[in-house]
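One structure is given below, encoded as structure tokens.
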Amino acid sequence: MAMQKGSVPSRRTPPDVLAQATRSSDAEQCERAVLAIWRSLDEHGLANQEERDELASLLEPLMALPLGGRLQLLIKRLRLPDPLDDSDLYWLTRRLLTLVPELQAIAAAGGEPGVNAAASLDWTKFFRKL
């Protein structure tokens, strides 16, 4: 069969390749979310509504992961208007800190939830590169 210039043969993407691409994307999103959480906490960005909105936007695509309703509640709290009182800031800080290890485990497992491979990724070296 002769192919014309510029044509691409049509093939279906194997399901395992498609699944791997999705897991990789989830892993990358988790890594970005972890970095954004640490940056927000380091810079006390939770007090700034614009920063909270940005963080909520980064977390929204992760709602498909089985993290429970906690992520929805966290995003809802991140979207609260200014000014936040101290109890809201404390609640957000604690919830973000408990979310970080879960996101790291998903990222380390290549985006596949439920696999505990967090130990295989040295996050301290990862953060030192920044």
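Note on naming: chains are A, B, ... as they come in the structure tokens, residues start from 1 per chain, ligands start from 1 in the order shown.
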- Message: Which of stretch 36-78 of chain A end up as helix (DSSP H, G or I) when DSSP is run on this backbone - answer as a ChimeraX atom specification?
- Response: /A:36-42,45-47,49-64,70-78
- Message: List as an NGL selection string the protein and nucleic acid residues near A:Val100, meaning an atom at most 8 Å away when only C-alpha atoms are counted, but skip any in the same chain fewer than 4 places from it.
- Response: :A and (34 or 37 or 96 or 104)
- Could you give me, as a ChimeraX atom specification, the residues within 7 Å of A:Leu78, counting only C-alpha atoms and dropping anything in the same chain fewer than 2 positions from it? /A:52-53,56,74-76,80
- What does the distance between atom CA of A:Leu99 and atom CA of A:Ala33 come to in Å, to one decimal place? 9.8 Å
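Near A:Leu67, within 9 Å and counting only C-alpha atoms, sit Leu62, Met63, Ala64, Arg70, Leu71, Leu99, Glu102 and Pro113 of chain A; same-chain residues fewer than 3 positions away were not included.
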How would the residues just chosen look if you wrote them out with N, CA and C atoms as a compact mmCIF listing (two decimals), in the first residue's frame?
```
# COMPACT_ATOMS: atom_id res chain seq x y z
N LEU A 62 -7.47 17.38 39.87
CA LEU A 62 -7.18 16.17 40.64
C LEU A 62 -8.44 15.59 41.30
N MET A 63 -9.58 16.23 41.09
CA MET A 63 -10.82 15.77 41.71
C MET A 63 -11.20 14.38 41.21
N ALA A 64 -10.70 13.98 40.05
CA ALA A 64 -11.00 12.65 39.52
C ALA A 64 -10.26 11.55 40.29
N ARG A 70 -12.66 15.20 50.64
CA ARG A 70 -11.79 16.18 51.29
C ARG A 70 -11.28 17.21 50.30
N LEU A 71 -10.96 16.77 49.09
CA LEU A 71 -10.42 17.69 48.09
C LEU A 71 -11.46 18.73 47.69
N LEU A 99 -2.59 16.56 52.74
CA LEU A 99 -2.78 16.18 51.34
C LEU A 99 -1.45 15.92 50.64
N GLU A 102 -0.15 12.28 50.24
CA GLU A 102 -1.00 11.50 49.33
C GLU A 102 -0.69 11.86 47.88
N PRO A 113 -3.27 5.77 41.55
CA PRO A 113 -3.68 5.85 42.94
C PRO A 113 -3.69 4.47 43.60
```
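When only C-alpha atoms are used to compute distances to A:Asp26, the closest of the residues A:Leu55, A:Leu103, A:Leu73, A:Leu46 turns out to be A:Leu103.
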- Residue neighbourhood A:Leu41, 12 Å, only C-alpha atoms, exclusion window fewer than 2 positions, as JSON, numbers by chain: {"A": [34, 35, 36, 37, 38, 39, 43, 44, 45, 46, 47, 48, 51, 52, 55, 89, 90, 92, 93, 94, 95, 96, 97, 100]}
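Across the model, the gap from atom CA of A:Gln29 to atom CA of A:Leu58 is 7.7 Å.
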- Item | Nearest to A:Leu59, chosen from A:Asp42, A:Asp82, A:Asp88, A:Glu28, with only C-alpha atoms counted in the distances | A:Glu28
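Between atom CA of A:Ser87 and atom CA of A:Cys30 the separation is 26.4 Å.
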